[in-house]
Amino acid sequence: MPQEDENKFKKSNVPAKAGESSWLTTPTFIRHIFDKFPLVTHPLNELPHRQPIERNENTLYIFAPEGDAQRGAPSFNPSCLKWQTYLKLAGIDFVTVASNNHASPTGSLPFVIPAASNADATILDLVRPIPSHKIQEWAGKHGATSRAEPDRTRYEAYLSLLDHRIRNAWLHTLYLSGSNFEAVARPLYISPATSAPPARLALSYSLRTSALEELTRASTSSVIDLSALYRESDDAFSALSELLGDDDWFFGEAEPGFFDAAVFAYTHLLCDENMGWKTEEERLGRSLRGGKWKNLVEHERRVFDRCYR
Amino acid sequence: MLQLHVWGPAFSLPSIDPQCLAAIAYLSQAVPPTQWELIASSDPTLSPTRVLPALRDESIWIAGFQNIVVHLLETSHGQWHLDRDCTSQDRADISAYTSFLETHAQPLIDLNLYVSSENYHASTRPAYSHILLWPNTWLLPPQRRAAAKARTDHLNFSSLDLDTVDQQEEDRLQKSPFAAGTEIPTRLLPRTTASLAKKRGQHAARFRLDRFAEGCLEPLNDLLKGKQYLLSSDKQRMTSLDCLALGYLALALVPAMPQPWLANKMKGSYPDLCRYVDDGVRKCFGLDFAVVAAGGRHQGRTGDDTSDGTTTTRTTGLPWQTPTPDTKIALTARLLPLLSTLPLFGPLYRPSPLQPSPSSSSASPPQHNRIPLLPSLTLGLTASVAAFGLRVLWTGEVPSFDWVRGTRQRHRLVLGWPFGAGGGRVKRLGEMGEAGRVLGGVRV
């Protein structure tokens, strides 16, 4: 071998000595070395077993325990539950897969990977994932019984009650009140994600700081007024209860729609006994469970029966 | 006597802040003028949640528009409550649209007054310097602008803010020394191209801004639908929702801005809303006013603000009162929050943002939740280092300890304090060549 290398070296040096090319050209012996790469080419890795090989079904990625997701049980995250319920109400066939934020292209769940258009498609025929803010549009195009959203005067205003008033109180209840974070959020969001104590610590810290950040950003003050936060969330439930009245579905519709799903996402989780709320610190759902707004609880039952029974 | 503390007047409106405008409108309609005073203190540290408007009722402070409405309802047993005759359907609408305004109209005001750099530098910032006292003139406007940017960050309208676009552009230029697609180094290109590109970005944002403004104004216009007020056509029935809407919409319509996209949008597409704002401004704030703001400077449209800065001219029916003159203690109290802006120790001093029920705290200024231990340590340390430095300069000697011999030594400082123990130093300066002789000569 060394003999051979030496020969190569001598040969490669010949042109340089002759001065035909400059020192900038790669010497031949180095080129020979690089010709040997790659040394070994490994076969392609197998896909992970839990990766669905069948791509002919729409897949909604949500926060849920593994078993629950396979059964299509409701998610424990309000945003995921809203879209899960909406897709069910819209009559779209899909399967749910337990996932977490790191899997999502936008950094947050849920998202949909639509069914591949032809049966022979493999995972390599990448289908563009649909982030949550485009699900409604996507469902409108693909839904068997798609419903256009009502173009109503009050629709936007009442939706803001859910997206801000109730959501802000939810953020505080779940992440920032100590006992509920330990009792509800930790077993749902942190323990399944990792078993390493330092990672759990970091994860719970980042969850709580981002919840606090979102709350302070939403308010015009640098201080969050908790009594006002819960008074406003109670006002929001009262307003929603008034809006629903004696109707079966919101806005007097014959069939439930997106708004019903959005309300159900909170009312269901607040009424669900499996969530394990620490009632003494849980001010958001106390009045709801206490029967202050009976029609909202009945509405929750109706949506549940229709989608998850 | 109730005292309503607000951000000071600007743009010919009695306050620069939408919630303050709403509170002024509410009190002007709900409470008899003899029962309350309006004070343009422009100092958010007065209130327990560090937010204005703040209502002082004897020894209790109530901050924020909604809290004030609830407080007036509870203390007056419904007498000073504008929504007392509302049906439950109306109440639901008030809740929903209040939330809608706070979440959809607030970003519009933020974009219009603060994020858009042209509007901010040409109108908003000068307006603040009329109503604020030193050092708040330098502290609060940038703070409020930063908060507004944070609130509107997710909307992606950063191209309005030419300051950051400048920065981004510079970063890009530093990364690639050549202009895109050419061989000409960018530093040789005419400077105007970069700023033109920025302007173009701003114009592109205009289209999206219009859409965004429609998202907020359209539902309000639908609700108004030719009525006198949002929920009722009865002239006597203004609700708390009308007050809040007036606060936001007046601040969208009235201020004259270099980039008047929001006012133009309202005037062009929603004449009903403009009429509604005009009526409300006339009814609640009056046409003209003059008021002595916290800075003692006049702000207003009337020609009769001839007072010498100590009396209040009332031309509107709004019960303006002059803020109490600043004491040294008050000044110190205002300087205290400066600590929280220090880069390293600020976060430690900053109080926790979560307050259990701050809406009814006592009249004493808000207590910070944490003892500022580290800042005081730092201050002490800095002071001792400074004292040591002064001593060295004064005596011209650096005391040190010779570890080998175990004796104290004093190193003489060559260039020292110019006045102190003089003679020896001058001699030494004289030893330092030409320049030293010149310096030494000055001393002699």
# chains A, B, ... in the order shown; residues from 1 in each chain; ligands from 1

call {"tool": "residues_around", "arguments": {"residues": "A:Ile190", "least_positions_apart": "5", "cutoff": "12 Å", "atoms": "only C-alpha atoms", "output": "tab-separated table (two decimals) with C-alpha atoms, in the first residue's frame"}}
result
chain	number	residue	atom	x	y	z
A	63	PHE	CA	-53.12	15.99	22.19
A	65	PRO	CA	-53.43	9.66	25.42
A	100	ASN	CA	-47.36	16.81	20.53
A	101	ASN	CA	-46.34	20.31	19.50
A	175	TYR	CA	-51.26	26.51	33.95
A	181	PHE	CA	-51.18	22.60	37.22
A	182	GLU	CA	-50.01	19.73	39.41
A	183	ALA	CA	-53.31	17.85	39.31
A	184	VAL	CA	-54.37	18.34	35.69
A	185	ALA	CA	-51.70	19.78	33.42
A	195	SER	CA	-39.66	10.60	31.80
A	196	ALA	CA	-36.47	12.53	32.51
A	197	PRO	CA	-36.91	14.79	35.56
A	198	PRO	CA	-34.79	17.69	34.23
A	199	ALA	CA	-36.68	17.67	30.95
A	200	ARG	CA	-39.97	17.62	32.84
A	201	LEU	CA	-38.85	20.56	34.92
A	202	ALA	CA	-37.83	22.53	31.86
A	203	LEU	CA	-41.03	21.62	30.04
A	204	SER	CA	-43.30	22.66	32.90
A	205	TYR	CA	-41.36	25.89	33.29
A	206	SER	CA	-41.66	26.72	29.60
A	207	LEU	CA	-45.37	25.83	29.56
A	208	ARG	CA	-46.10	28.12	32.47

call {"tool": "residues_around", "arguments": {"residues": "stretch 153-168 of chain A", "least_positions_apart": "5", "cutoff": "9 Å", "atoms": "only C-alpha atoms", "output": "NGL selection string"}}
result
(:A and (78 or 173 or 211 or 214-215 or 218 or 229-230 or 232-237 or 239-240 or 243 or 251 or 259 or 262-263 or 266 or 284)) or (:B and (92-93 or 95-101 or 103-104 or 215 or 218-220 or 222-223))

call {"tool": "residues_around", "arguments": {"residues": "stretch 136-150 of chain B", "least_positions_apart": "5", "cutoff": "8 Å", "atoms": "only C-alpha atoms", "output": "list in words"}}
result
Arg217 and Thr220 of chain A; Pro107, Asp110, Leu111, Tyr114, Val115, Arg125, Tyr128 and Ser129 of chain B

call {"tool": "write_last_selection", "arguments": {"atoms": "N, CA and C atoms", "output": "short mmCIF file (atom, residue, chain, number, x, y, z; two decimals), in the first residue's frame"}}
result
data_model
loop_
_atom_site.label_atom_id
_atom_site.label_comp_id
_atom_site.auth_asym_id
_atom_site.auth_seq_id
_atom_site.Cartn_x
_atom_site.Cartn_y
_atom_site.Cartn_z
N ARG A 217 -49.51 39.58 27.38
CA ARG A 217 -49.53 40.22 26.08
C ARG A 217 -50.95 40.64 25.70
N THR A 220 -53.85 45.11 28.33
CA THR A 220 -53.20 46.40 28.13
C THR A 220 -52.36 46.78 29.35
N PRO B 107 -55.90 46.54 18.78
CA PRO B 107 -54.79 46.44 17.82
C PRO B 107 -54.84 47.52 16.75
N ASP B 110 -53.40 50.49 18.33
CA ASP B 110 -51.97 50.24 18.49
C ASP B 110 -51.22 50.48 17.18
N LEU B 111 -51.76 49.94 16.10
CA LEU B 111 -51.09 50.09 14.81
C LEU B 111 -51.09 51.54 14.37
N TYR B 114 -49.06 53.78 17.43
CA TYR B 114 -47.75 53.41 17.97
C TYR B 114 -46.86 52.65 16.99
N VAL B 115 -47.41 51.66 16.32
CA VAL B 115 -46.54 50.81 15.51
C VAL B 115 -46.07 51.55 14.25
N ARG B 125 -45.79 60.73 19.76
CA ARG B 125 -44.69 61.07 20.66
C ARG B 125 -44.76 62.55 21.10
N TYR B 128 -47.46 63.03 23.64
CA TYR B 128 -47.09 62.57 24.98
C TYR B 128 -46.20 63.59 25.69
N SER B 129 -45.30 64.24 24.95
CA SER B 129 -44.40 65.15 25.64
C SER B 129 -45.15 66.36 26.18
#

call {"tool": "residues_around", "arguments": {"residues": "A:Asn180", "least_positions_apart": "3", "cutoff": "10 Å", "atoms": "only C-alpha atoms", "output": "PyMOL selection string"}}
result
chain A and resi 172-177+183-186+275-282

call {"tool": "write_last_selection", "arguments": {"atoms": "N, CA and C atoms", "output": "mmCIF file, in the first residue's frame"}}
result
data_model
loop_
_atom_site.group_PDB
_atom_site.id
_atom_site.type_symbol
_atom_site.label_atom_id
_atom_site.label_comp_id
_atom_site.auth_asym_id
_atom_site.auth_seq_id
_atom_site.Cartn_x
_atom_site.Cartn_y
_atom_site.Cartn_z
ATOM 1 N N HIS A 172 -55.090 30.648 32.834
ATOM 2 C CA HIS A 172 -54.717 30.831 34.233
ATOM 3 C C HIS A 172 -55.113 29.615 35.061
ATOM 4 N N THR A 173 -56.322 29.123 34.825
ATOM 5 C CA THR A 173 -56.796 27.990 35.613
ATOM 6 C C THR A 173 -55.890 26.782 35.453
ATOM 7 N N LEU A 174 -55.542 26.482 34.207
ATOM 8 C CA LEU A 174 -54.821 25.238 33.968
ATOM 9 C C LEU A 174 -53.333 25.357 34.284
ATOM 10 N N TYR A 175 -52.718 26.460 33.864
ATOM 11 C CA TYR A 175 -51.260 26.505 33.952
ATOM 12 C C TYR A 175 -50.735 27.294 35.141
ATOM 13 N N LEU A 176 -51.477 28.307 35.559
ATOM 14 C CA LEU A 176 -50.868 29.231 36.518
ATOM 15 C C LEU A 176 -51.388 29.070 37.941
ATOM 16 N N SER A 177 -52.531 28.425 38.118
ATOM 17 C CA SER A 177 -52.935 28.169 39.497
ATOM 18 C C SER A 177 -52.274 26.865 39.914
ATOM 19 N N ALA A 183 -52.301 18.909 39.365
ATOM 20 C CA ALA A 183 -53.307 17.848 39.310
ATOM 21 C C ALA A 183 -53.757 17.535 37.887
ATOM 22 N N VAL A 184 -53.796 18.543 37.022
ATOM 23 C CA VAL A 184 -54.374 18.341 35.692
ATOM 24 C C VAL A 184 -53.329 18.439 34.583
ATOM 25 N N ALA A 185 -52.602 19.563 34.557
ATOM 26 C CA ALA A 185 -51.701 19.782 33.418
ATOM 27 C C ALA A 185 -50.519 18.829 33.432
ATOM 28 N N ARG A 186 -49.949 18.593 34.626
ATOM 29 C CA ARG A 186 -48.752 17.758 34.675
ATOM 30 C C ARG A 186 -49.011 16.350 34.146
ATOM 31 N N MET A 275 -61.076 14.916 34.142
ATOM 32 C CA MET A 275 -59.967 15.862 34.110
ATOM 33 C C MET A 275 -59.329 16.009 35.489
ATOM 34 N N GLY A 276 -60.096 15.781 36.531
ATOM 35 C CA GLY A 276 -59.554 15.858 37.888
ATOM 36 C C GLY A 276 -59.262 17.264 38.358
ATOM 37 N N TRP A 277 -60.161 18.203 38.071
ATOM 38 C CA TRP A 277 -59.963 19.583 38.521
ATOM 39 C C TRP A 277 -59.930 19.643 40.035
ATOM 40 N N LYS A 278 -59.047 20.463 40.557
ATOM 41 C CA LYS A 278 -59.066 20.771 41.991
ATOM 42 C C LYS A 278 -60.101 21.867 42.184
ATOM 43 N N THR A 279 -61.266 21.487 42.680
ATOM 44 C CA THR A 279 -62.381 22.428 42.640
ATOM 45 C C THR A 279 -62.156 23.682 43.472
ATOM 46 N N GLU A 280 -61.373 23.559 44.553
ATOM 47 C CA GLU A 280 -61.270 24.757 45.408
ATOM 48 C C GLU A 280 -60.535 25.899 44.687
ATOM 49 N N GLU A 281 -59.675 25.547 43.719
ATOM 50 C CA GLU A 281 -58.949 26.614 43.032
ATOM 51 C C GLU A 281 -59.469 26.828 41.622
ATOM 52 N N GLU A 282 -60.463 26.040 41.220
ATOM 53 C CA GLU A 282 -60.887 26.105 39.838
ATOM 54 C C GLU A 282 -62.119 26.984 39.750
#

call {"tool": "select_by_dssp", "arguments": {"residues": "stretch 146-222 of chain A", "states": "helix (DSSP H, G or I)", "output": "CSV table (one decimal) with C-alpha atoms, in the first residue's frame"}}
result
chain,number,residue,atom,x,y,z
A,155,TYR,CA,-71.0,35.9,15.3
A,156,GLU,CA,-67.6,37.6,15.5
A,157,ALA,CA,-68.4,39.3,18.8
A,158,TYR,CA,-69.5,36.2,20.5
A,159,LEU,CA,-66.6,34.2,19.1
A,160,SER,CA,-64.2,36.7,20.7
A,161,LEU,CA,-65.7,35.8,24.1
A,162,LEU,CA,-64.5,32.2,23.6
A,163,ASP,CA,-61.2,33.1,22.0
A,164,HIS,CA,-60.2,35.7,24.6
A,165,ARG,CA,-62.3,35.9,27.7
A,166,ILE,CA,-62.7,32.2,28.3
A,167,ARG,CA,-59.4,31.2,26.9
A,168,ASN,CA,-57.5,33.7,29.2
A,169,ALA,CA,-59.3,32.3,32.2
A,170,TRP,CA,-58.5,28.8,31.0
A,171,LEU,CA,-54.8,29.6,30.7
A,172,HIS,CA,-54.7,30.8,34.2
A,173,THR,CA,-56.8,28.0,35.6
A,174,LEU,CA,-54.8,25.2,34.0
A,175,TYR,CA,-51.3,26.5,34.0
A,176,LEU,CA,-50.9,29.2,36.5
A,178,GLY,CA,-50.6,25.9,41.4
A,179,SER,CA,-52.8,23.0,42.4
A,180,ASN,CA,-54.5,22.6,39.0
A,181,PHE,CA,-51.2,22.6,37.2
A,182,GLU,CA,-50.0,19.7,39.4
A,183,ALA,CA,-53.3,17.8,39.3
A,184,VAL,CA,-54.4,18.3,35.7
A,185,ALA,CA,-51.7,19.8,33.4
A,186,ARG,CA,-48.8,17.8,34.7
A,187,PRO,CA,-50.2,14.3,34.1
A,188,LEU,CA,-51.7,15.3,30.7
A,189,TYR,CA,-49.0,17.4,29.1
A,190,ILE,CA,-45.7,16.7,30.9
A,197,PRO,CA,-36.9,14.8,35.6
A,198,PRO,CA,-34.8,17.7,34.2
A,199,ALA,CA,-36.7,17.7,30.9
A,200,ARG,CA,-40.0,17.6,32.8
A,201,LEU,CA,-38.9,20.6,34.9
A,202,ALA,CA,-37.8,22.5,31.9
A,203,LEU,CA,-41.0,21.6,30.0
A,204,SER,CA,-43.3,22.7,32.9
A,205,TYR,CA,-41.4,25.9,33.3
A,206,SER,CA,-41.7,26.7,29.6
A,207,LEU,CA,-45.4,25.8,29.6
A,208,ARG,CA,-46.1,28.1,32.5
A,209,THR,CA,-44.0,31.0,31.2
A,210,SER,CA,-45.6,30.9,27.8
A,211,ALA,CA,-49.0,30.9,29.4
A,212,LEU,CA,-48.1,33.9,31.5
A,213,GLU,CA,-46.6,35.6,28.5
A,214,GLU,CA,-49.8,35.1,26.5
A,215,LEU,CA,-51.9,36.5,29.3
A,216,THR,CA,-49.8,39.6,29.8
A,217,ARG,CA,-49.5,40.2,26.1
A,218,ALA,CA,-53.3,40.1,25.7

call {"tool": "closest_residue", "arguments": {"among": "B:Ser123, B:Ser116, B:Ser88, B:Gln228", "to": "B:Thr152", "atoms": "only C-alpha atoms"}}
result
B:Ser116

call {"tool": "atom_distance", "arguments": {"atom1": "atom CA of B:Pro32", "atom2": "atom CA of B:Val277"}}
result
22.5 Å
